[in-house]
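Structure file input-v5.tsv; described as TSV, C-alpha atoms.
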chain	number	residue	atom	x	y	z
A	1	MET	CA	4.01	-26.57	5.99
A	2	ARG	CA	6.46	-25.40	3.32
A	3	PHE	CA	5.48	-22.28	1.42
A	4	GLU	CA	7.27	-20.84	-1.59
A	5	PHE	CA	6.34	-17.29	-2.59
A	6	LEU	CA	6.92	-16.21	-6.17
A	7	THR	CA	7.39	-12.48	-6.71
A	8	SER	CA	9.13	-10.34	-9.30
A	9	THR	CA	8.58	-7.30	-7.07
A	10	PRO	CA	11.96	-6.00	-5.83
A	11	LEU	CA	12.54	-7.08	-2.24
A	12	SER	CA	12.97	-3.66	-0.64
A	13	PRO	CA	10.51	-1.14	0.78
A	14	THR	CA	11.91	1.53	-1.56
A	15	GLU	CA	11.42	-0.29	-4.87
A	16	GLY	CA	8.86	-2.88	-3.82
A	17	SER	CA	6.69	-0.39	-1.97
A	18	GLY	CA	3.65	-1.75	-0.12
A	19	THR	CA	3.71	-5.06	-2.00
A	20	PHE	CA	7.09	-5.94	-0.55
A	21	VAL	CA	6.20	-4.73	2.95
A	22	ALA	CA	2.98	-6.78	3.01
A	23	LEU	CA	4.66	-9.90	1.60
A	24	ASP	CA	7.57	-9.63	4.01
A	25	GLY	CA	5.14	-9.31	6.92
A	26	LEU	CA	3.13	-12.38	5.89
A	27	VAL	CA	6.28	-14.48	5.45
A	28	ARG	CA	7.52	-13.51	8.91
A	29	GLY	CA	4.08	-14.14	10.37
A	30	LEU	CA	3.99	-17.66	8.92
A	31	ARG	CA	7.48	-18.38	10.23
A	32	ALA	CA	6.44	-17.19	13.68
A	33	LEU	CA	3.64	-19.76	13.57
A	34	GLY	CA	6.16	-22.53	12.88
A	35	HIS	CA	5.91	-22.84	9.09
A	36	THR	CA	8.71	-22.72	6.52
A	37	ALA	CA	8.30	-19.81	4.10
A	38	THR	CA	10.77	-18.82	1.41
A	39	VAL	CA	10.63	-16.13	-1.27
A	40	ARG	CA	12.07	-16.70	-4.72
A	41	PRO	CA	13.46	-13.28	-5.63
A	42	LEU	CA	13.92	-11.39	-8.86
A	43	THR	CA	17.59	-11.76	-9.85
A	44	VAL	CA	17.78	-10.43	-13.43
A	45	ARG	CA	17.26	-6.69	-13.96
A	46	THR	CA	17.19	-5.20	-17.47
A	47	ARG	CA	15.78	-1.74	-16.55
A	48	PHE	CA	12.59	-2.77	-18.41
A	49	HIS	CA	10.28	-4.05	-15.68
A	50	THR	CA	7.74	-5.80	-17.90
A	51	LEU	CA	10.56	-7.79	-19.52
A	52	ASP	CA	12.05	-8.48	-16.08
A	53	ARG	CA	8.74	-9.95	-14.98
A	54	TRP	CA	8.44	-12.21	-18.03
A	55	LEU	CA	12.05	-13.46	-17.63
A	56	TYR	CA	11.42	-14.11	-13.95
A	57	ASN	CA	8.34	-16.20	-14.73
A	58	ALA	CA	10.13	-18.14	-17.47
A	59	ARG	CA	12.91	-19.00	-15.01
A	60	VAL	CA	10.39	-20.08	-12.37
A	61	ALA	CA	8.65	-22.35	-14.91
A	62	LEU	CA	11.93	-23.96	-15.95
A	63	ARG	CA	13.16	-24.51	-12.40
A	64	PRO	CA	10.24	-25.37	-10.11
A	65	GLN	CA	10.97	-25.79	-6.40
A	66	PRO	CA	9.28	-28.28	-4.03
A	67	ALA	CA	6.69	-26.82	-1.67
A	68	ASP	CA	3.48	-27.86	0.03
A	69	VAL	CA	1.86	-24.65	-1.20
A	70	THR	CA	3.15	-22.31	-3.90
A	71	VAL	CA	1.97	-18.71	-3.66
A	72	GLY	CA	2.15	-16.42	-6.69
A	73	VAL	CA	2.06	-12.70	-5.92
A	74	ASP	CA	-0.01	-10.76	-8.48
A	75	LEU	CA	0.94	-12.10	-11.95
A	76	ASP	CA	3.90	-14.21	-10.82
A	77	GLY	CA	3.60	-17.93	-11.48
A	78	PHE	CA	1.44	-17.59	-14.59
A	79	LEU	CA	3.85	-19.66	-16.74
A	80	TRP	CA	4.72	-22.15	-13.99
A	81	ALA	CA	1.01	-22.72	-13.30
A	82	ARG	CA	0.45	-24.27	-16.74
A	83	ARG	CA	2.05	-27.49	-15.50
A	84	ARG	CA	1.94	-26.93	-11.78
A	85	ARG	CA	2.20	-29.53	-9.09
A	86	GLY	CA	0.37	-29.17	-5.78
A	87	PRO	CA	-1.84	-26.36	-4.45
A	88	PHE	CA	-1.39	-22.94	-6.04
A	89	VAL	CA	-2.57	-19.73	-4.38
A	90	VAL	CA	-2.48	-16.30	-6.02
A	91	MET	CA	-2.28	-13.20	-3.82
A	92	LEU	CA	-3.42	-10.02	-5.55
A	93	LYS	CA	-1.80	-7.10	-3.76
A	94	GLY	CA	-2.74	-4.55	-6.41
A	95	ILE	CA	-5.02	-5.59	-9.25
A	96	ILE	CA	-3.15	-4.47	-12.35
A	97	ALA	CA	-6.27	-4.17	-14.51
A	98	ASP	CA	-7.60	-1.72	-11.92
A	99	GLU	CA	-4.36	0.24	-11.48
A	100	LEU	CA	-3.90	0.88	-15.21
A	101	ARG	CA	-7.14	2.88	-15.30
A	102	ASN	CA	-5.29	5.80	-13.72
A	103	GLU	CA	-2.20	5.57	-15.96
A	104	ARG	CA	-1.39	7.07	-19.36
A	105	GLY	CA	0.63	6.34	-22.50
A	106	TRP	CA	3.15	3.52	-22.60
A	107	VAL	CA	2.74	2.79	-18.89
A	108	ARG	CA	-0.91	1.97	-19.51
A	109	VAL	CA	-0.02	-0.19	-22.54
A	110	LEU	CA	2.58	-2.21	-20.62
A	111	LEU	CA	0.30	-2.63	-17.64
A	112	SER	CA	-2.37	-3.98	-20.01
A	113	VAL	CA	0.07	-6.73	-21.01
A	114	GLN	CA	0.80	-7.50	-17.37
A	115	ALA	CA	-2.93	-7.56	-16.60
A	116	ARG	CA	-3.40	-10.34	-19.16
A	117	TRP	CA	-0.70	-12.37	-17.42
A	118	GLU	CA	-2.34	-11.70	-14.07
A	119	ARG	CA	-5.72	-12.82	-15.39
A	120	SER	CA	-4.14	-16.10	-16.56
A	121	ASN	CA	-2.56	-16.53	-13.14
A	122	THR	CA	-5.87	-16.18	-11.31
A	123	ALA	CA	-7.58	-18.57	-13.74
A	124	ARG	CA	-5.01	-21.28	-12.95
A	125	ALA	CA	-5.06	-20.81	-9.17
A	126	ASP	CA	-6.93	-22.94	-6.64
A	127	ARG	CA	-7.53	-19.87	-4.46
A	128	VAL	CA	-7.18	-16.12	-5.04
A	129	VAL	CA	-6.48	-14.08	-1.92
A	130	VAL	CA	-7.26	-10.34	-1.97
A	131	PRO	CA	-6.74	-7.76	0.80
A	132	SER	CA	-10.18	-6.10	0.84
A	133	ARG	CA	-13.83	-6.36	-0.16
A	134	TYR	CA	-13.12	-3.69	-2.76
A	135	SER	CA	-10.40	-5.84	-4.31
A	136	ALA	CA	-12.71	-8.85	-4.31
A	137	SER	CA	-15.38	-6.97	-6.25
A	138	VAL	CA	-12.84	-5.63	-8.75
A	139	ALA	CA	-11.26	-9.07	-9.22
A	140	GLN	CA	-14.66	-10.51	-10.07
A	141	GLU	CA	-15.34	-7.66	-12.49
A	142	VAL	CA	-12.06	-7.49	-14.41
A	143	TYR	CA	-10.86	-11.11	-14.25
A	144	GLY	CA	-14.14	-13.02	-13.93
A	145	ILE	CA	-13.03	-14.84	-10.77
A	146	PRO	CA	-15.88	-16.83	-9.19
A	147	PRO	CA	-16.76	-15.59	-5.66
A	148	ALA	CA	-16.20	-19.09	-4.24
A	149	LYS	CA	-12.57	-18.96	-5.36
A	150	LEU	CA	-11.87	-15.65	-3.59
A	151	ALA	CA	-10.76	-15.13	0.00
A	152	ILE	CA	-10.21	-11.81	1.80
A	153	VAL	CA	-7.14	-11.48	4.03
A	154	PRO	CA	-5.99	-7.97	5.01
A	155	GLU	CA	-2.38	-6.93	4.62
A	156	PRO	CA	-0.29	-7.37	7.78
A	157	ILE	CA	1.61	-4.78	9.75
A	158	ASP	CA	4.39	-5.61	12.21
A	159	LEU	CA	3.11	-3.69	15.22
A	160	THR	CA	5.93	-4.87	17.47
A	161	ASP	CA	8.56	-3.52	15.08
A	162	TRP	CA	6.78	-0.24	14.46
A	163	ARG	CA	6.17	0.39	18.17
A	164	ARG	CA	9.85	-0.22	18.83
A	165	ARG	CA	10.78	2.26	16.09
A	166	PHE	CA	8.33	4.86	17.41
A	167	ALA	CA	9.79	4.47	20.91
A	168	GLU	CA	13.34	4.82	19.60
A	169	ALA	CA	12.37	7.92	17.63
A	170	SER	CA	11.26	9.58	20.89
A	171	ALA	CA	10.57	12.81	19.00
A	172	PRO	CA	7.96	15.35	20.16
A	173	ARG	CA	5.23	16.59	17.85
A	174	ALA	CA	6.43	19.29	15.49
A	175	GLY	CA	6.19	22.87	16.66
A	176	ARG	CA	4.11	23.84	13.63
A	177	PRO	CA	0.92	22.05	12.45
A	178	THR	CA	2.31	19.16	10.42
A	179	ILE	CA	0.72	16.76	7.95
A	180	LEU	CA	2.55	13.67	6.73
A	181	SER	CA	1.98	11.92	3.41
A	182	VAL	CA	3.76	8.74	2.27
A	183	ALA	CA	3.39	7.36	-1.24
A	184	ARG	CA	5.04	5.92	-4.29
A	185	MET	CA	4.35	8.81	-6.67
A	186	TYR	CA	1.91	7.30	-9.17
A	187	PRO	CA	-0.97	9.26	-10.77
A	188	ARG	CA	-3.54	7.29	-8.78
A	189	LYS	CA	-2.12	8.64	-5.51
A	190	ARG	CA	-3.42	12.11	-6.50
A	191	LEU	CA	-0.70	14.02	-4.66
A	192	GLU	CA	-1.44	16.98	-6.94
A	193	ASP	CA	-4.76	17.32	-5.07
A	194	LEU	CA	-2.81	17.56	-1.82
A	195	LEU	CA	-0.64	20.34	-3.27
A	196	GLN	CA	-3.73	22.22	-4.41
A	197	ALA	CA	-5.25	21.75	-0.96
A	198	ALA	CA	-2.04	23.14	0.58
A	199	VAL	CA	-2.67	26.48	-1.15
A	200	LEU	CA	-6.10	26.72	0.50
A	201	LEU	CA	-4.87	25.44	3.85
A	202	ARG	CA	-2.01	27.99	3.97
A	203	ALA	CA	-4.55	30.81	3.75
A	204	ARG	CA	-6.27	29.49	6.89
A	205	ILE	CA	-3.30	28.12	8.87
A	206	PRO	CA	-0.25	30.02	7.58
A	207	ASP	CA	2.36	27.95	9.43
A	208	ALA	CA	0.95	24.54	8.44
A	209	GLN	CA	3.41	22.21	6.69
A	210	ILE	CA	2.89	19.09	4.56
A	211	ARG	CA	5.80	16.65	4.47
A	212	ILE	CA	5.79	14.12	1.61
A	213	VAL	CA	7.87	10.93	1.74
A	214	GLY	CA	8.48	8.98	-1.46
A	215	GLU	CA	9.54	9.18	-5.10
A	216	GLY	CA	8.13	7.78	-8.32
A	217	PRO	CA	7.08	8.51	-11.89
A	218	GLU	CA	5.16	11.67	-10.93
A	219	ALA	CA	8.00	13.21	-8.89
A	220	ALA	CA	9.22	15.72	-11.48
A	221	ARG	CA	5.70	16.88	-12.38
A	222	LEU	CA	4.79	17.33	-8.71
A	223	ARG	CA	7.92	19.35	-8.00
A	224	LEU	CA	7.13	21.57	-10.99
A	225	LEU	CA	3.58	22.08	-9.69
A	226	HIS	CA	5.04	22.92	-6.28
A	227	ARG	CA	7.07	25.72	-7.86
A	228	GLU	CA	4.14	26.97	-9.94
A	229	LEU	CA	1.95	27.17	-6.83
A	230	ARG	CA	4.77	28.93	-4.90
A	231	LEU	CA	4.30	26.64	-1.94
A	232	ASP	CA	7.85	27.09	-0.63
A	233	ASP	CA	8.19	25.27	2.71
A	234	THR	CA	4.43	24.80	3.08
A	235	VAL	CA	5.11	21.52	1.27
A	236	VAL	CA	8.42	19.70	1.69
A	237	PHE	CA	9.50	16.74	-0.45
A	238	LEU	CA	11.63	14.37	1.64
A	239	GLY	CA	12.28	11.73	-1.05
A	240	GLU	CA	12.96	8.15	0.01
A	241	VAL	CA	13.84	7.69	3.67
A	242	THR	CA	14.88	4.78	5.90
A	243	ARG	CA	12.32	3.00	8.05
A	244	SER	CA	13.81	4.61	11.15
A	245	SER	CA	13.55	8.08	9.61
A	246	LEU	CA	9.99	7.32	8.53
A	247	ALA	CA	9.17	6.40	12.13
A	248	VAL	CA	10.39	9.85	13.16
A	249	GLU	CA	8.14	11.47	10.54
A	250	TYR	CA	5.13	9.52	11.82
A	251	THR	CA	6.01	10.56	15.37
A	252	ILE	CA	6.32	14.31	14.77
A	253	ALA	CA	3.24	14.69	12.53
A	254	HIS	CA	-0.17	15.82	13.77
A	255	CYS	CA	-2.13	13.92	11.13
A	256	PHE	CA	-1.71	11.84	7.97
A	257	CYS	CA	-3.14	12.47	4.51
A	258	LEU	CA	-3.07	10.60	1.21
A	259	PRO	CA	-5.81	11.40	-1.34
A	260	THR	CA	-5.37	8.19	-3.36
A	261	VAL	CA	-8.30	7.13	-5.54
A	262	GLN	CA	-7.21	3.54	-6.18
A	263	GLU	CA	-5.96	1.33	-3.37
A	264	GLY	CA	-6.33	-2.41	-2.92
A	265	PHE	CA	-5.63	-1.98	0.79
A	266	GLY	CA	-3.38	0.94	1.72
A	267	LEU	CA	-0.67	-0.18	4.13
A	268	VAL	CA	0.55	3.38	4.76
A	269	PHE	CA	-2.80	4.15	6.37
A	270	ALA	CA	-2.24	1.23	8.73
A	271	GLU	CA	1.26	2.50	9.57
A	272	ALA	CA	-0.04	5.99	10.29
A	273	MET	CA	-2.80	4.58	12.49
A	274	ALA	CA	-0.24	2.46	14.35
A	275	ALA	CA	1.50	5.75	15.17
A	276	GLY	CA	-1.76	7.10	16.57
A	277	LEU	CA	-2.29	9.57	13.73
A	278	PRO	CA	-5.77	10.58	12.60
A	279	VAL	CA	-6.14	10.22	8.83
A	280	VAL	CA	-7.59	12.36	6.07
A	281	ALA	CA	-8.24	10.41	2.86
A	282	CYS	CA	-10.71	9.95	0.02
A	283	ARG	CA	-13.88	7.92	0.11
A	284	ALA	CA	-12.51	5.63	-2.59
A	285	ALA	CA	-11.48	2.04	-3.29
A	286	ALA	CA	-10.53	0.07	-0.14
A	287	VAL	CA	-9.74	3.14	1.98
A	288	PRO	CA	-13.08	3.16	3.91
A	289	GLU	CA	-12.40	-0.45	4.96
A	290	ILE	CA	-9.32	0.73	6.86
A	291	VAL	CA	-10.04	4.35	7.78
A	292	GLU	CA	-13.38	4.63	9.54
A	293	ASP	CA	-14.95	7.99	8.75
A	294	GLY	CA	-15.70	9.95	11.90
A	295	ARG	CA	-13.89	7.43	14.12
A	296	THR	CA	-10.26	7.11	13.01
A	297	GLY	CA	-10.22	9.93	10.47
A	298	LEU	CA	-12.14	12.02	7.96
A	299	LEU	CA	-13.01	10.85	4.45
A	300	VAL	CA	-13.72	13.31	1.64
A	301	GLY	CA	-14.79	13.19	-1.99
A	302	GLN	CA	-12.34	12.21	-4.71
A	303	ARG	CA	-10.31	14.83	-6.58
A	304	ASN	CA	-11.59	17.61	-4.33
A	305	PRO	CA	-8.79	19.82	-2.92
A	306	ALA	CA	-11.29	22.13	-1.20
A	307	GLU	CA	-12.81	19.27	0.82
A	308	LEU	CA	-9.33	17.99	1.54
A	309	ALA	CA	-8.18	21.36	2.89
A	310	HIS	CA	-11.31	21.69	5.06
A	311	ALA	CA	-10.82	18.24	6.62
A	312	LEU	CA	-7.14	18.94	7.32
A	313	GLU	CA	-8.04	22.28	8.91
A	314	THR	CA	-10.67	20.57	11.06
A	315	LEU	CA	-8.09	18.18	12.50
A	316	LEU	CA	-5.26	20.67	12.88
A	317	VAL	CA	-7.33	23.14	14.92
A	318	ASN	CA	-8.97	20.51	17.12
A	319	GLU	CA	-6.53	18.70	19.41
A	320	ASN	CA	-9.26	16.78	21.22
A	321	LEU	CA	-10.57	15.37	17.96
A	322	ARG	CA	-7.07	14.35	16.89
A	323	THR	CA	-6.54	12.59	20.21
A	324	GLU	CA	-9.89	10.79	19.99
A	325	PHE	CA	-9.29	9.62	16.42
A	326	GLY	CA	-5.70	8.65	17.18
A	327	ARG	CA	-6.72	6.50	20.13
A	328	ALA	CA	-9.37	4.72	18.04
A	329	ALA	CA	-6.82	4.21	15.25
A	330	THR	CA	-4.36	2.38	17.49
A	331	GLN	CA	-7.15	0.06	18.64
A	332	ARG	CA	-8.39	-0.54	15.11
A	333	ILE	CA	-4.97	-1.52	13.84
A	334	GLU	CA	-4.64	-4.49	16.20
A	335	ALA	CA	-6.69	-6.54	13.72
A	336	PHE	CA	-3.84	-6.29	11.17
A	337	ASP	CA	-0.96	-7.54	13.34
A	338	LEU	CA	1.29	-10.23	11.79
A	339	PRO	CA	0.16	-13.35	13.72
A	340	ARG	CA	-3.54	-12.59	13.23
A	341	VAL	CA	-3.20	-12.03	9.49
A	342	ALA	CA	-0.95	-15.09	9.03
A	343	GLY	CA	-3.57	-17.18	10.84
A	344	ARG	CA	-6.33	-15.87	8.59
A	345	PHE	CA	-4.20	-16.66	5.53
A	346	LEU	CA	-3.79	-20.27	6.67
A	347	GLU	CA	-7.55	-20.61	7.07
A	348	THR	CA	-8.08	-19.73	3.39
A	349	LEU	CA	-5.85	-22.45	1.96
A	350	PRO	CA	-7.49	-24.94	-0.43
Mind turning this structure into structure tokens?
Amino acid sequence: MRFEFLTSTPLSPTEGSGTFVALDGLVRGLRALGHTATVRPLTVRTRFHTLDRWLYNARVALRPQPADVTVGVDLDGFLWARRRRGPFVVMLKGIIADELRNERGWVRVLLSVQARWERSNTARADRVVVPSRYSASVAQEVYGIPPAKLAIVPEPIDLTDWRRRFAEASAPRAGRPTILSVARMYPRKRLEDLLQAAVLLRARIPDAQIRIVGEGPEAARLRLLHRELRLDDTVVFLGEVTRSSLAVEYTIAHCFCLPTVQEGFGLVFAEAMAAGLPVVACRAAAVPEIVEDGRTGLLVGQRNPAELAHALETLLVNENLRTEFGRAATQRIEAFDLPRVAGRFLETLP
């Protein structure tokens, strides 16, 4: 079959974040199964992303491409779908109407506009694919999508590629207790809770270190908070890193933590689990569907630095527990490998 994917998300892990990584994995998984899959990229950049997305969709509508199945990612395709030809599938990677709940000011206003476009897209689709049960329930709530129109397909992870990168990293665990966090710095990721937890954790494990990979809108505020809390090298901001460098970070860490409160899936949890890391996260959104509390990690309450610090301490002082959780994590993650997820996606097609 011929698939064309429509996405105005930048095609790089740095700018496109988890949406790009998941889309890239699905495309490669479909190709591995013998299908033709192409991605129509964003080519015009104005520095105003909402405008970029509208211009992208106008261009797609004016210049449709032949395909057996057209797949719109999030809001993309909403103009084209007015006069579409052939099956149209919408994949919601992050439900915009859900994400905007944790934003403020103009960001929230602009996301509200994008959410209206995304709602139109789902209304015009033959099938709406979401990555989790949580996303399915939210999609029904905010966009009124009938349950029969929804299908759940988890986001894929390229285990072969990651295992190769981990082997090439060949780095031992860090000499000091080390926690890794990876995130695009949005308010919903709640990295401020991790910084607050670091203050408490330092009092119990003085040499513990939290290493944070990523940048984003909250970067300046988080660095200011870091200075105000006098965390020094207890928390280190690494910024954006290459995939190979990220593999090293996964390899040297003792555990992974991201206290996000809104996540449609959470691909970074899957990456950490592929590295055999136990996870500390919040009992929120789709996270419990990936991280099994008491089996592959520890889940705590939302916006609770004290609980976060206690869970991190529990893992850092207990090597046997880390090993047990890490082993279960690597087994759990097999379900999200590229060929399996691509096969599940094919089964959902209208």
Checklist entry - Do you know which residues are at most 10 Å from Phe78 of chain A counting only C-alpha atoms, after dropping those on the same chain fewer than 3 positions away, and could you put them as a list in words? => result Trp54, Asn57, Ala58, Val60, Ala61, Gly72, Val73, Asp74, Leu75, Ala81, Arg82, Arg83, Arg84, Val90, Arg116, Trp117, Glu118, Arg119, Ser120, Asn121, Thr122, Ala123, Arg124 and Ala125 of chain A
Would you output that residue set with C-alpha atoms, as an mmCIF file, in the frame of the given file?
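Full text of selection_12.cif as output:
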data_model
loop_
_atom_site.group_PDB
_atom_site.id
_atom_site.type_symbol
_atom_site.label_atom_id
_atom_site.label_comp_id
_atom_site.auth_asym_id
_atom_site.auth_seq_id
_atom_site.Cartn_x
_atom_site.Cartn_y
_atom_site.Cartn_z
ATOM 1 C CA TRP A 54 8.440 -12.210 -18.030
ATOM 2 C CA ASN A 57 8.340 -16.200 -14.730
ATOM 3 C CA ALA A 58 10.130 -18.140 -17.470
ATOM 4 C CA VAL A 60 10.390 -20.080 -12.370
ATOM 5 C CA ALA A 61 8.650 -22.350 -14.910
ATOM 6 C CA GLY A 72 2.150 -16.420 -6.690
ATOM 7 C CA VAL A 73 2.060 -12.700 -5.920
ATOM 8 C CA ASP A 74 -0.010 -10.760 -8.480
ATOM 9 C CA LEU A 75 0.940 -12.100 -11.950
ATOM 10 C CA ALA A 81 1.010 -22.720 -13.300
ATOM 11 C CA ARG A 82 0.450 -24.270 -16.740
ATOM 12 C CA ARG A 83 2.050 -27.490 -15.500
ATOM 13 C CA ARG A 84 1.940 -26.930 -11.780
ATOM 14 C CA VAL A 90 -2.480 -16.300 -6.020
ATOM 15 C CA ARG A 116 -3.400 -10.340 -19.160
ATOM 16 C CA TRP A 117 -0.700 -12.370 -17.420
ATOM 17 C CA GLU A 118 -2.340 -11.700 -14.070
ATOM 18 C CA ARG A 119 -5.720 -12.820 -15.390
ATOM 19 C CA SER A 120 -4.140 -16.100 -16.560
ATOM 20 C CA ASN A 121 -2.560 -16.530 -13.140
ATOM 21 C CA THR A 122 -5.870 -16.180 -11.310
ATOM 22 C CA ALA A 123 -7.580 -18.570 -13.740
ATOM 23 C CA ARG A 124 -5.010 -21.280 -12.950
ATOM 24 C CA ALA A 125 -5.060 -20.810 -9.170
#
May I have the protein, DNA and RNA residues with an atom at most 10 Å from (-2.8, 3.4, 16.7), counting only C-alpha atoms in the file's coordinates, returned as a CSV table (one decimal) with C-alpha atoms, in the coordinates of the input?
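The resulting out-v4.csv:
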chain,number,residue,atom,x,y,z
A,159,LEU,CA,3.1,-3.7,15.2
A,163,ARG,CA,6.2,0.4,18.2
A,270,ALA,CA,-2.2,1.2,8.7
A,271,GLU,CA,1.3,2.5,9.6
A,272,ALA,CA,0.0,6.0,10.3
A,273,MET,CA,-2.8,4.6,12.5
A,274,ALA,CA,-0.2,2.5,14.4
A,275,ALA,CA,1.5,5.8,15.2
A,276,GLY,CA,-1.8,7.1,16.6
A,277,LEU,CA,-2.3,9.6,13.7
A,278,PRO,CA,-5.8,10.6,12.6
A,296,THR,CA,-10.3,7.1,13.0
A,325,PHE,CA,-9.3,9.6,16.4
A,326,GLY,CA,-5.7,8.6,17.2
A,327,ARG,CA,-6.7,6.5,20.1
A,328,ALA,CA,-9.4,4.7,18.0
A,329,ALA,CA,-6.8,4.2,15.2
A,330,THR,CA,-4.4,2.4,17.5
A,331,GLN,CA,-7.2,0.1,18.6
A,332,ARG,CA,-8.4,-0.5,15.1
A,333,ILE,CA,-5.0,-1.5,13.8
A,334,GLU,CA,-4.6,-4.5,16.2
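Comparing the minimum interatomic distances between Arg40 of chain A and each of A:Pro156, A:Pro87, A:Pro10, A:Pro146, counting all atoms listed in the file, we find that A:Pro10 sits nearest.
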Taking only residues of segment 208-259 of chain A that have an atom at most 12 Å from an atom of segment 307-321 of chain A, what is each one's shortest atom pair and its distance in Å to one decimal, using only C-alpha atoms, in chain and number order, as a tab-separated table?
residue	atom	partner	partner_atom	distance
A:Ala208	CA	A:Leu316	CA	8.6
A:Gln209	CA	A:Leu316	CA	10.8
A:Ile210	CA	A:Leu312	CA	10.4
A:Ala253	CA	A:Leu316	CA	10.4
A:His254	CA	A:Leu316	CA	7.1
A:Cys255	CA	A:Leu315	CA	7.5
A:Phe256	CA	A:Leu312	CA	9.0
A:Cys257	CA	A:Leu312	CA	8.1
A:Leu258	CA	A:Leu308	CA	9.7
A:Pro259	CA	A:Leu308	CA	8.0
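You will find atom CA of Arg176 of chain A at 27.6 Å from atom CA of Ile290 of chain A.
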Taking 6 positions as the minimum chain separation for residues in the same chain, which residues sit within 7 Å of segment 127-139 of chain A when counting all atoms listed in the file? Answer as an mmCIF file with C-alpha atoms, in the coordinates of the input.
data_model
loop_
_atom_site.group_PDB
_atom_site.id
_atom_site.type_symbol
_atom_site.label_atom_id
_atom_site.label_comp_id
_atom_site.auth_asym_id
_atom_site.auth_seq_id
_atom_site.Cartn_x
_atom_site.Cartn_y
_atom_site.Cartn_z
ATOM 1 C CA VAL A 89 -2.570 -19.730 -4.380
ATOM 2 C CA VAL A 90 -2.480 -16.300 -6.020
ATOM 3 C CA MET A 91 -2.280 -13.200 -3.820
ATOM 4 C CA LEU A 92 -3.420 -10.020 -5.550
ATOM 5 C CA LYS A 93 -1.800 -7.100 -3.760
ATOM 6 C CA ILE A 145 -13.030 -14.840 -10.770
ATOM 7 C CA LYS A 149 -12.570 -18.960 -5.360
ATOM 8 C CA LEU A 150 -11.870 -15.650 -3.590
ATOM 9 C CA ALA A 151 -10.760 -15.130 0.000
ATOM 10 C CA ILE A 152 -10.210 -11.810 1.800
ATOM 11 C CA VAL A 153 -7.140 -11.480 4.030
ATOM 12 C CA PRO A 154 -5.990 -7.970 5.010
ATOM 13 C CA GLU A 155 -2.380 -6.930 4.620
ATOM 14 C CA GLY A 264 -6.330 -2.410 -2.920
ATOM 15 C CA PHE A 265 -5.630 -1.980 0.790
ATOM 16 C CA ALA A 285 -11.480 2.040 -3.290
ATOM 17 C CA ALA A 286 -10.530 0.070 -0.140
ATOM 18 C CA PRO A 350 -7.490 -24.940 -0.430
#
Excluding Arg164 of chain A and its own-chain neighbours fewer than 5 positions away, which residues fall within 10 Å of it when counting all atoms listed in the file? Please give them as an mmCIF file with C-alpha atoms, in the frame of the given file.
data_model
loop_
_atom_site.group_PDB
_atom_site.id
_atom_site.type_symbol
_atom_site.label_atom_id
_atom_site.label_comp_id
_atom_site.auth_asym_id
_atom_site.auth_seq_id
_atom_site.Cartn_x
_atom_site.Cartn_y
_atom_site.Cartn_z
ATOM 1 C CA LEU A 159 3.110 -3.690 15.220
ATOM 2 C CA ALA A 169 12.370 7.920 17.630
ATOM 3 C CA SER A 244 13.810 4.610 11.150
ATOM 4 C CA ALA A 247 9.170 6.400 12.130
#
Rebuild segment 242-251 of chain A to N, CA and C atoms - output it as a PDB file, keeping the file's coordinate frame, please.
ATOM      1  N   THR A 242      14.774   6.081   5.230  1.00  0.00           N
ATOM      2  CA  THR A 242      14.880   4.780   5.900  1.00  0.00           C
ATOM      3  C   THR A 242      13.646   4.553   6.771  1.00  0.00           C
ATOM      4  N   ARG A 243      13.460   3.311   7.184  1.00  0.00           N
ATOM      5  CA  ARG A 243      12.320   3.000   8.050  1.00  0.00           C
ATOM      6  C   ARG A 243      12.427   3.753   9.382  1.00  0.00           C
ATOM      7  N   SER A 244      13.629   3.887   9.884  1.00  0.00           N
ATOM      8  CA  SER A 244      13.810   4.610  11.150  1.00  0.00           C
ATOM      9  C   SER A 244      13.461   6.082  10.982  1.00  0.00           C
ATOM     10  N   SER A 245      13.883   6.676   9.860  1.00  0.00           N
ATOM     11  CA  SER A 245      13.550   8.080   9.610  1.00  0.00           C
ATOM     12  C   SER A 245      12.046   8.252   9.386  1.00  0.00           C
ATOM     13  N   LEU A 246      11.430   7.255   8.731  1.00  0.00           N
ATOM     14  CA  LEU A 246       9.990   7.320   8.530  1.00  0.00           C
ATOM     15  C   LEU A 246       9.262   7.272   9.867  1.00  0.00           C
ATOM     16  N   ALA A 247       9.767   6.459  10.792  1.00  0.00           N
ATOM     17  CA  ALA A 247       9.170   6.400  12.130  1.00  0.00           C
ATOM     18  C   ALA A 247       9.205   7.767  12.798  1.00  0.00           C
ATOM     19  N   VAL A 248      10.289   8.500  12.610  1.00  0.00           N
ATOM     20  CA  VAL A 248      10.390   9.850  13.160  1.00  0.00           C
ATOM     21  C   VAL A 248       9.317  10.747  12.538  1.00  0.00           C
ATOM     22  N   GLU A 249       9.140  10.638  11.220  1.00  0.00           N
ATOM     23  CA  GLU A 249       8.140  11.470  10.540  1.00  0.00           C
ATOM     24  C   GLU A 249       6.737  11.163  11.061  1.00  0.00           C
ATOM     25  N   TYR A 250       6.430   9.881  11.259  1.00  0.00           N
ATOM     26  CA  TYR A 250       5.130   9.520  11.820  1.00  0.00           C
ATOM     27  C   TYR A 250       4.975  10.111  13.233  1.00  0.00           C
ATOM     28  N   THR A 251       6.053  10.122  13.976  1.00  0.00           N
ATOM     29  CA  THR A 251       6.010  10.560  15.370  1.00  0.00           C
ATOM     30  C   THR A 251       5.790  12.061  15.499  1.00  0.00           C
TER      31      THR A 251
END
